[in-house]
$ cat final.cif   # mmCIF, C-alpha atoms
data_start
#
loop_
_atom_site.group_PDB
_atom_site.id
_atom_site.type_symbol
_atom_site.label_atom_id
_atom_site.label_comp_id
_atom_site.auth_asym_id
_atom_site.auth_seq_id
_atom_site.Cartn_x
_atom_site.Cartn_y
_atom_site.Cartn_z
ATOM 1 C CA MET A 1 -42.910 76.357 -156.072
ATOM 2 C CA THR A 2 -39.518 77.566 -157.257
ATOM 3 C CA ALA A 3 -36.910 79.763 -155.624
ATOM 4 C CA ASP A 4 -33.215 80.540 -155.611
ATOM 5 C CA GLU A 5 -30.359 79.017 -153.646
ATOM 6 C CA ALA A 6 -31.059 81.012 -150.489
ATOM 7 C CA TYR A 7 -34.296 79.049 -150.077
ATOM 8 C CA GLY A 8 -32.990 75.785 -151.493
ATOM 9 C CA GLN A 9 -30.308 75.674 -148.808
ATOM 10 C CA ASN A 10 -32.849 76.109 -146.007
ATOM 11 C CA PRO A 11 -33.857 72.671 -144.625
ATOM 12 C CA GLY A 12 -36.631 74.175 -142.524
ATOM 13 C CA PHE A 13 -38.206 75.787 -145.568
ATOM 14 C CA ARG A 14 -38.031 72.550 -147.563
ATOM 15 C CA GLU A 15 -39.601 70.624 -144.692
ATOM 16 C CA TRP A 16 -42.348 73.235 -144.370
ATOM 17 C CA LEU A 17 -43.223 72.824 -148.054
ATOM 18 C CA ALA A 18 -43.122 69.021 -147.875
ATOM 19 C CA GLU A 19 -45.362 68.909 -144.795
ATOM 20 C CA ARG A 20 -47.962 70.915 -146.713
ATOM 21 C CA GLU A 21 -47.492 68.801 -149.854
ATOM 22 C CA ILE A 22 -46.331 71.766 -151.906
ATOM 23 C CA PRO A 23 -44.145 70.555 -154.800
ATOM 24 C CA PHE A 24 -40.934 72.516 -155.232
ATOM 25 C CA VAL A 25 -37.903 73.022 -157.457
ATOM 26 C CA LEU A 26 -35.311 74.931 -155.430
ATOM 27 C CA ALA A 27 -31.828 75.900 -156.569
ATOM 28 C CA THR A 28 -28.971 74.545 -154.472
ATOM 29 C CA ARG A 29 -25.161 74.391 -154.347
ATOM 30 C CA ASN A 30 -22.941 71.912 -156.153
ATOM 31 C CA ASP A 31 -21.361 70.737 -152.899
ATOM 32 C CA GLU A 32 -24.563 69.963 -151.018
ATOM 33 C CA LEU A 33 -24.479 66.432 -149.593
ATOM 34 C CA LEU A 34 -27.412 64.398 -150.880
ATOM 35 C CA SER A 35 -28.620 60.892 -150.064
ATOM 36 C CA SER A 36 -29.505 58.389 -152.776
ATOM 37 C CA PRO A 37 -32.274 55.793 -152.295
ATOM 38 C CA ASP A 38 -29.677 53.147 -151.343
ATOM 39 C CA GLY A 39 -28.418 55.312 -148.477
ATOM 40 C CA ASN A 40 -25.180 56.521 -150.048
ATOM 41 C CA ARG A 41 -24.329 60.193 -149.652
ATOM 42 C CA GLY A 42 -22.367 62.408 -151.976
ATOM 43 C CA PRO A 43 -22.008 65.982 -153.244
ATOM 44 C CA ALA A 44 -24.491 67.133 -155.857
ATOM 45 C CA LYS A 45 -21.795 67.519 -158.526
ATOM 46 C CA VAL A 46 -20.636 63.908 -158.033
ATOM 47 C CA LEU A 47 -24.158 62.545 -158.451
ATOM 48 C CA ALA A 48 -24.522 64.628 -161.607
ATOM 49 C CA THR A 49 -21.351 63.107 -163.056
ATOM 50 C CA ILE A 50 -22.630 59.594 -162.387
ATOM 51 C CA ALA A 51 -26.017 60.364 -163.930
ATOM 52 C CA GLY A 52 -24.402 61.761 -167.052
ATOM 53 C CA ALA A 53 -22.137 58.760 -167.613
ATOM 54 C CA ARG A 54 -22.604 56.922 -170.905
ATOM 55 C CA ASP A 55 -24.300 53.523 -170.698
ATOM 56 C CA PRO A 56 -21.861 50.985 -172.206
ATOM 57 C CA ASP A 57 -24.737 48.862 -173.553
ATOM 58 C CA THR A 58 -26.939 51.516 -175.153
ATOM 59 C CA GLY A 59 -24.460 54.340 -175.669
ATOM 60 C CA GLN A 60 -27.009 56.714 -174.153
ATOM 61 C CA THR A 61 -26.454 59.236 -171.376
ATOM 62 C CA GLY A 62 -28.872 60.409 -168.729
ATOM 63 C CA TRP A 63 -29.195 63.896 -170.253
ATOM 64 C CA GLU A 64 -32.147 65.316 -172.177
ATOM 65 C CA ARG A 65 -31.964 68.540 -174.173
ATOM 66 C CA ARG A 66 -34.899 70.841 -173.462
ATOM 67 C CA SER A 67 -35.807 74.501 -173.897
ATOM 68 C CA ILE A 68 -37.090 76.602 -171.019
ATOM 69 C CA GLY A 69 -38.434 79.338 -173.263
ATOM 70 C CA PRO A 70 -37.219 82.367 -175.180
ATOM 71 C CA GLY A 71 -34.538 84.671 -173.838
ATOM 72 C CA ALA A 72 -32.782 87.820 -174.973
ATOM 73 C CA HIS A 73 -30.636 85.801 -177.397
ATOM 74 C CA GLY A 74 -33.148 83.189 -178.541
ATOM 75 C CA GLU A 75 -34.351 79.943 -177.007
ATOM 76 C CA ARG A 76 -32.739 79.010 -173.690
ATOM 77 C CA VAL A 77 -31.765 75.409 -174.365
ATOM 78 C CA TYR A 78 -29.920 73.238 -171.851
ATOM 79 C CA ASP A 79 -29.218 69.598 -171.125
ATOM 80 C CA TRP A 80 -31.127 68.254 -168.118
ATOM 81 C CA THR A 81 -31.103 65.167 -165.950
ATOM 82 C CA ALA A 82 -32.873 64.150 -162.739
ATOM 83 C CA ILE A 83 -31.296 61.849 -160.159
ATOM 84 C CA ALA A 84 -33.506 60.032 -157.653
ATOM 85 C CA LEU A 85 -32.835 60.865 -153.997
ATOM 86 C CA ALA A 86 -33.989 59.345 -150.720
ATOM 87 C CA THR A 87 -37.624 60.130 -149.921
ATOM 88 C CA ASP A 88 -37.411 60.013 -146.119
ATOM 89 C CA GLY A 89 -39.863 62.407 -144.494
ATOM 90 C CA LEU A 90 -41.872 63.036 -147.660
ATOM 91 C CA PRO A 91 -45.584 62.358 -148.203
ATOM 92 C CA GLU A 92 -46.430 58.850 -149.373
ATOM 93 C CA GLY A 93 -46.243 58.529 -153.138
ATOM 94 C CA TRP A 94 -43.910 61.498 -153.568
ATOM 95 C CA GLY A 95 -40.521 61.558 -155.245
ATOM 96 C CA HIS A 96 -37.327 63.423 -154.446
ATOM 97 C CA TRP A 97 -34.774 64.343 -157.106
ATOM 98 C CA GLN A 98 -31.701 66.339 -157.838
ATOM 99 C CA LEU A 99 -32.336 68.204 -161.087
ATOM 100 C CA VAL A 100 -29.206 69.227 -162.982
ATOM 101 C CA ARG A 101 -28.962 71.801 -165.759
ATOM 102 C CA ARG A 102 -25.938 71.767 -168.074
ATOM 103 C CA GLN A 103 -24.887 74.139 -170.831
ATOM 104 C CA THR A 104 -25.106 72.567 -174.282
ATOM 105 C CA THR A 105 -21.639 73.869 -175.160
ATOM 106 C CA ALA A 106 -18.740 75.208 -173.149
ATOM 107 C CA PRO A 107 -18.367 79.009 -173.093
ATOM 108 C CA GLU A 108 -15.717 80.495 -175.349
ATOM 109 C CA GLY A 109 -12.270 79.975 -173.895
ATOM 110 C CA LYS A 110 -13.427 77.215 -171.538
ATOM 111 C CA THR A 111 -13.547 73.443 -171.806
ATOM 112 C CA VAL A 112 -16.103 72.697 -169.092
ATOM 113 C CA ARG A 113 -19.839 73.209 -169.390
ATOM 114 C CA GLU A 114 -21.384 74.961 -166.413
ATOM 115 C CA LEU A 115 -23.810 73.027 -164.223
ATOM 116 C CA ALA A 116 -26.673 74.258 -162.047
ATOM 117 C CA PHE A 117 -28.414 72.188 -159.376
ATOM 118 C CA TYR A 118 -31.930 71.989 -157.935
ATOM 119 C CA ARG A 119 -33.632 70.031 -155.147
ATOM 120 C CA CYS A 120 -37.054 68.814 -156.285
ATOM 121 C CA THR A 121 -39.983 67.198 -154.517
ATOM 122 C CA ALA A 122 -43.301 66.332 -156.167
ATOM 123 C CA PRO A 123 -45.625 63.365 -156.795
ATOM 124 C CA ALA A 124 -43.527 60.402 -157.921
ATOM 125 C CA ASP A 125 -45.024 60.357 -161.440
ATOM 126 C CA THR A 126 -43.937 63.939 -162.180
ATOM 127 C CA PRO A 127 -42.099 63.897 -165.545
ATOM 128 C CA LEU A 128 -38.737 65.533 -166.152
ATOM 129 C CA ARG A 129 -40.299 68.077 -168.509
ATOM 130 C CA GLU A 130 -42.444 69.432 -165.655
ATOM 131 C CA LEU A 131 -39.459 69.840 -163.335
ATOM 132 C CA VAL A 132 -37.645 71.650 -166.148
ATOM 133 C CA ARG A 133 -40.646 73.899 -166.793
ATOM 134 C CA VAL A 134 -40.835 74.940 -163.141
ATOM 135 C CA ALA A 135 -37.073 75.521 -162.935
ATOM 136 C CA GLY A 136 -37.274 77.708 -166.039
ATOM 137 C CA ALA A 137 -40.103 79.786 -164.580
ATOM 138 C CA ARG A 138 -37.565 81.555 -162.372
ATOM 139 C CA TRP A 139 -36.264 83.517 -165.362
ATOM 140 C CA ALA A 140 -39.700 84.970 -166.084
ATOM 141 C CA ILE A 141 -40.120 85.878 -162.418
ATOM 142 C CA GLU A 142 -36.709 87.533 -162.271
ATOM 143 C CA ASP A 143 -37.449 89.412 -165.505
ATOM 144 C CA CYS A 144 -40.662 90.648 -163.913
ATOM 145 C CA PHE A 145 -38.836 91.940 -160.847
ATOM 146 C CA GLN A 146 -36.143 93.587 -162.967
ATOM 147 C CA THR A 147 -38.783 95.336 -165.062
ATOM 148 C CA ALA A 148 -40.540 96.510 -161.895
ATOM 149 C CA LYS A 149 -37.250 97.886 -160.581
ATOM 150 C CA ASN A 150 -36.487 99.725 -163.812
ATOM 151 C CA GLU A 151 -39.954 101.073 -164.590
ATOM 152 C CA ALA A 152 -41.715 101.353 -161.229
ATOM 153 C CA GLY A 153 -38.892 101.877 -158.738
ATOM 154 C CA LEU A 154 -39.469 98.608 -156.897
ATOM 155 C CA ASP A 155 -36.090 98.834 -155.165
ATOM 156 C CA HIS A 156 -36.058 102.619 -154.694
ATOM 157 C CA TYR A 157 -36.945 102.847 -151.040
ATOM 158 C CA GLN A 158 -35.377 104.007 -147.789
ATOM 159 C CA VAL A 159 -37.630 102.896 -144.972
ATOM 160 C CA ARG A 160 -37.260 101.832 -141.350
ATOM 161 C CA SER A 161 -40.398 99.788 -140.770
ATOM 162 C CA TYR A 162 -42.098 96.795 -142.341
ATOM 163 C CA ARG A 163 -45.311 98.766 -142.836
ATOM 164 C CA ALA A 164 -43.520 101.414 -144.888
ATOM 165 C CA TRP A 165 -41.652 98.775 -146.883
ATOM 166 C CA HIS A 166 -44.866 96.852 -147.545
ATOM 167 C CA ALA A 167 -46.655 99.990 -148.707
ATOM 168 C CA HIS A 168 -43.863 100.862 -151.141
ATOM 169 C CA ILE A 169 -43.591 97.332 -152.554
ATOM 170 C CA THR A 170 -47.365 97.049 -152.966
ATOM 171 C CA LEU A 171 -47.673 100.346 -154.819
ATOM 172 C CA ALA A 172 -44.638 99.634 -156.996
ATOM 173 C CA MET A 173 -45.965 96.206 -158.004
ATOM 174 C CA LEU A 174 -49.397 97.706 -158.679
ATOM 175 C CA ALA A 175 -47.790 100.301 -160.943
ATOM 176 C CA ALA A 176 -45.762 97.590 -162.698
ATOM 177 C CA ALA A 177 -48.906 95.503 -163.230
ATOM 178 C CA TYR A 178 -50.728 98.523 -164.678
ATOM 179 C CA LEU A 179 -47.872 99.179 -167.095
ATOM 180 C CA ALA A 180 -47.764 95.519 -168.164
ATOM 181 C CA VAL A 181 -51.515 95.374 -168.797
ATOM 182 C CA THR A 182 -51.455 98.691 -170.664
ATOM 183 C CA ARG A 183 -48.577 97.519 -172.850
ATOM 184 C CA ALA A 184 -50.297 94.211 -173.620
ATOM 185 C CA THR A 185 -53.538 96.027 -174.465
ATOM 186 C CA GLU A 186 -51.776 98.384 -176.858
ATOM 187 C CA HIS A 187 -49.962 95.510 -178.550
ATOM 188 C CA GLY A 188 -53.302 93.742 -178.970
ATOM 189 C CA ARG A 189 -54.837 96.794 -180.619
ATOM 190 C CA GLU A 190 -51.882 97.127 -182.964
ATOM 191 C CA ALA A 191 -52.188 93.462 -183.909
ATOM 192 C CA GLU A 192 -55.900 93.895 -184.685
ATOM 193 C CA LYS A 193 -55.067 96.826 -186.959
ATOM 194 C CA GLY A 194 -52.379 94.809 -188.678
ATOM 195 C CA ASP A 195 -49.621 97.156 -187.534
ATOM 196 C CA PRO A 196 -46.254 95.506 -186.848
ATOM 197 C CA ALA A 197 -45.386 95.202 -183.169
ATOM 198 C CA PRO A 198 -42.525 97.397 -181.947
ATOM 199 C CA ALA A 199 -39.104 95.780 -181.876
ATOM 200 C CA GLY A 200 -38.545 93.866 -178.661
ATOM 201 C CA ALA A 201 -42.241 93.864 -177.747
ATOM 202 C CA ARG A 202 -43.370 90.930 -175.649
#
$ encode --input "final.cif" --output "structure tokens"
Amino acid sequence: MTADEAYGQNPGFREWLAEREIPFVLATRNDELLSSPDGNRGPAKVLATIAGARDPDTGQTGWERRSIGPGAHGERVYDWTAIALATDGLPEGWGHWQLVRRQTTAPEGKTVRELAFYRCTAPADTPLRELVRVAGARWAIEDCFQTAKNEAGLDHYQVRSYRAWHAHITLAMLAAAYLAVTRATEHGREAEKGDPAPAGAR
């Protein structure tokens, strides 16, 4: 399960997922107070700084560079680290982490690399690469919604009741799904014929 900051900041939603043993990677703020396994509490950005500190013995940092898939300008590559958090209230054998995403280089004109933060809960043996994969899935989901808005009018509604809203959303998503399947089918036929795929085709 993955979602944006609006859900990540909702304790009731996180508890609901944990009670049902649904793993999650939810975006959160940099100033959220988090508890480490030893009981200390601190803002997310402070824990990220500690995790990224260089080990004086090995010279290594806690960051790993990983891609979360292709984007409009090539592979989306970031540095990632996961910091263990207290597991109070979680199912037995589950882990709790703060996942941090960092830009590989600072944007032009800036000296600081931007950070993004996630609250994660899953079985304790879940590897970092899986947390990163789930966090990266949000981009594909958001791309899907943006395409549905542009091509099927997903957000073009003026309604006063849930029933009307639900009907519009359902039909718009059905239309978007039809367009996606049709596009994929046509690309498959072109590939079988040996024709080059149109520029930007996915």
$ resolve_selection --input "final.cif" --expression "the PyMOL selection byres ((chain A and resi 147-161) around 12)" --output "list in words"
Ala140, Ile141, Glu142, Asp143, Cys144, Phe145, Gln146, Tyr162, Arg163, Ala164, Trp165, His166, Ala167, His168, Ile169, Thr170, Leu171, Ala172, Met173, Leu174, Ala175, Ala176, Ala177, Tyr178, Leu179 and Ala180 of chain A
$ resolve_selection --input "final.cif" --expression "the PyMOL selection byres ((chain A and resi 119-129) around 8)" --output "list of chain:residue names"
A:Gly8, A:Ala18, A:Glu21, A:Ile22, A:Pro23, A:Phe24, A:Val25, A:Leu26, A:Ala27, A:Thr28, A:Arg66, A:Thr81, A:Ala82, A:Gly93, A:Trp94, A:Gly95, A:His96, A:Trp97, A:Gln98, A:Leu99, A:Phe117, A:Tyr118, A:Glu130, A:Leu131, A:Val132, A:Arg133
$ atom_distance --input "final.cif" --atom1 "CA of Ser36 in chain A" --atom2 "CA of Gly62 in chain A"
16.1 Å
$ atom_distance --input "final.cif" --atom1 "CA of Pro91 in chain A" --atom2 "CA of Pro37 in chain A"
15.4 Å
$ atom_distance --input "final.cif" --atom1 "CA of Arg29 in chain A" --atom2 "CA of His73 in chain A"
26.3 Å
$ resolve_selection --input "final.cif" --expression "the PyMOL selection byres ((chain A and resi 34) around 8)" --output "ChimeraX atom specification"
/A:32-33,35-36,41-44,85
$ residues_around --input "final.cif" --residues "Gly69 in chain A" --least-positions-apart "6" --cutoff "12 Å" --atoms "only C-alpha atoms" --output "number ranges by chain"
A: 75-78, 132-140
$ axis_aligned_box --input "final.cif" --around "range 86-96 of chain A" --padding-each-side "4 Å" --output "lines of an AutoDock Vina configuration file"
center_x = -40.2
center_y = 61.0
center_z = -149.9
size_x = 20.4
size_y = 12.9
size_z = 18.8
$ closest_residue --input "final.cif" --among "A:Asn10, A:Thr2, A:Ser67, A:Asn30" --to "Leu115 in chain A" --atoms "all atoms listed in the file"
A:Asn30
$ residues_around --input "final.cif" --residues "Val112 in chain A" --least-positions-apart "6" --cutoff "10 Å" --atoms "only C-alpha atoms" --output "count of residues only"
4
$ decode --input "final.cif" --residues "range 134-170 of chain A" --atoms "N, CA and C atoms" --output "CSV table (one decimal), in the first residue's frame"
chain,number,residue,atom,x,y,z
A,134,VAL,N,8.0,0.0,-3.9
A,134,VAL,CA,6.6,0.5,-3.5
A,134,VAL,C,6.5,2.0,-3.5
A,135,ALA,N,7.5,2.7,-3.0
A,135,ALA,CA,7.5,4.1,-3.0
A,135,ALA,C,7.5,4.7,-4.4
A,136,GLY,N,8.2,4.0,-5.3
A,136,GLY,CA,8.3,4.5,-6.7
A,136,GLY,C,7.0,4.2,-7.4
A,137,ALA,N,6.2,3.3,-7.0
A,137,ALA,CA,4.9,3.0,-7.7
A,137,ALA,C,4.0,4.1,-7.7
A,138,ARG,N,4.1,5.1,-6.8
A,138,ARG,CA,3.3,6.2,-6.8
A,138,ARG,C,3.3,7.0,-8.1
A,139,TRP,N,4.5,7.1,-8.7
A,139,TRP,CA,4.6,7.9,-9.9
A,139,TRP,C,3.8,7.3,-11.0
A,140,ALA,N,3.8,6.0,-11.1
A,140,ALA,CA,3.0,5.3,-12.2
A,140,ALA,C,1.5,5.5,-11.9
A,141,ILE,N,1.1,5.5,-10.6
A,141,ILE,CA,-0.3,5.7,-10.3
A,141,ILE,C,-0.7,7.1,-10.6
A,142,GLU,N,0.2,8.1,-10.3
A,142,GLU,CA,-0.1,9.5,-10.6
A,142,GLU,C,-0.2,9.8,-12.1
A,143,ASP,N,0.8,9.1,-12.8
A,143,ASP,CA,0.7,9.2,-14.3
A,143,ASP,C,-0.6,8.7,-14.8
A,144,CYS,N,-1.1,7.6,-14.2
A,144,CYS,CA,-2.3,7.0,-14.7
A,144,CYS,C,-3.5,8.0,-14.5
A,145,PHE,N,-3.5,8.6,-13.3
A,145,PHE,CA,-4.6,9.6,-13.0
A,145,PHE,C,-4.5,10.8,-13.9
A,146,GLN,N,-3.3,11.3,-14.2
A,146,GLN,CA,-3.1,12.4,-15.0
A,146,GLN,C,-3.6,12.1,-16.5
A,147,THR,N,-3.2,10.9,-16.9
A,147,THR,CA,-3.7,10.5,-18.3
A,147,THR,C,-5.2,10.5,-18.3
A,148,ALA,N,-5.8,9.9,-17.3
A,148,ALA,CA,-7.3,9.8,-17.2
A,148,ALA,C,-7.9,11.2,-17.2
A,149,LYS,N,-7.3,12.1,-16.5
A,149,LYS,CA,-7.8,13.5,-16.5
A,149,LYS,C,-7.7,14.1,-17.9
A,150,ASN,N,-6.6,13.9,-18.6
A,150,ASN,CA,-6.4,14.6,-19.9
A,150,ASN,C,-7.2,13.9,-21.0
A,151,GLU,N,-7.3,12.6,-21.0
A,151,GLU,CA,-7.9,11.9,-22.1
A,151,GLU,C,-9.4,11.5,-21.8
A,152,ALA,N,-9.8,11.3,-20.6
A,152,ALA,CA,-11.1,10.8,-20.3
A,152,ALA,C,-11.9,11.7,-19.4
A,153,GLY,N,-11.4,12.9,-19.1
A,153,GLY,CA,-12.1,13.9,-18.3
A,153,GLY,C,-12.4,13.4,-16.9
A,154,LEU,N,-11.4,12.7,-16.3
A,154,LEU,CA,-11.7,12.2,-14.9
A,154,LEU,C,-12.1,13.3,-13.9
A,155,ASP,N,-11.5,14.5,-14.1
A,155,ASP,CA,-11.8,15.6,-13.1
A,155,ASP,C,-12.8,16.6,-13.6
A,156,HIS,N,-13.4,16.3,-14.7
A,156,HIS,CA,-14.4,17.2,-15.3
A,156,HIS,C,-15.8,16.9,-14.9
A,157,TYR,N,-16.1,17.2,-13.6
A,157,TYR,CA,-17.4,16.9,-13.1
A,157,TYR,C,-17.9,18.1,-12.2
A,158,GLN,N,-19.2,18.3,-12.2
A,158,GLN,CA,-19.8,19.2,-11.3
A,158,GLN,C,-21.1,18.5,-10.7
A,159,VAL,N,-20.9,17.9,-9.6
A,159,VAL,CA,-22.0,17.1,-9.1
A,159,VAL,C,-22.2,17.4,-7.6
A,160,ARG,N,-23.4,17.0,-7.1
A,160,ARG,CA,-23.7,17.4,-5.7
A,160,ARG,C,-23.9,16.1,-4.8
A,161,SER,N,-23.8,15.0,-5.4
A,161,SER,CA,-24.1,13.8,-4.6
A,161,SER,C,-23.0,12.7,-4.9
A,162,TYR,N,-22.8,11.8,-3.9
A,162,TYR,CA,-21.8,10.8,-4.1
A,162,TYR,C,-22.1,9.9,-5.2
A,163,ARG,N,-23.4,9.6,-5.4
A,163,ARG,CA,-23.8,8.7,-6.5
A,163,ARG,C,-23.4,9.2,-7.8
A,164,ALA,N,-23.7,10.5,-8.0
A,164,ALA,CA,-23.3,11.1,-9.3
A,164,ALA,C,-21.8,11.2,-9.5
A,165,TRP,N,-21.1,11.5,-8.4
A,165,TRP,CA,-19.6,11.5,-8.5
A,165,TRP,C,-19.1,10.1,-8.8
A,166,HIS,N,-19.6,9.1,-8.1
A,166,HIS,CA,-19.2,7.7,-8.4
A,166,HIS,C,-19.4,7.3,-9.8
A,167,ALA,N,-20.6,7.6,-10.3
A,167,ALA,CA,-20.9,7.3,-11.7
A,167,ALA,C,-19.9,7.9,-12.7
A,168,HIS,N,-19.6,9.2,-12.5
A,168,HIS,CA,-18.7,9.9,-13.4
A,168,HIS,C,-17.3,9.2,-13.3
A,169,ILE,N,-16.8,9.0,-12.1
A,169,ILE,CA,-15.5,8.5,-11.9
A,169,ILE,C,-15.4,7.1,-12.5
A,170,THR,N,-16.4,6.3,-12.3
A,170,THR,CA,-16.4,4.9,-12.8
A,170,THR,C,-16.3,4.9,-14.4
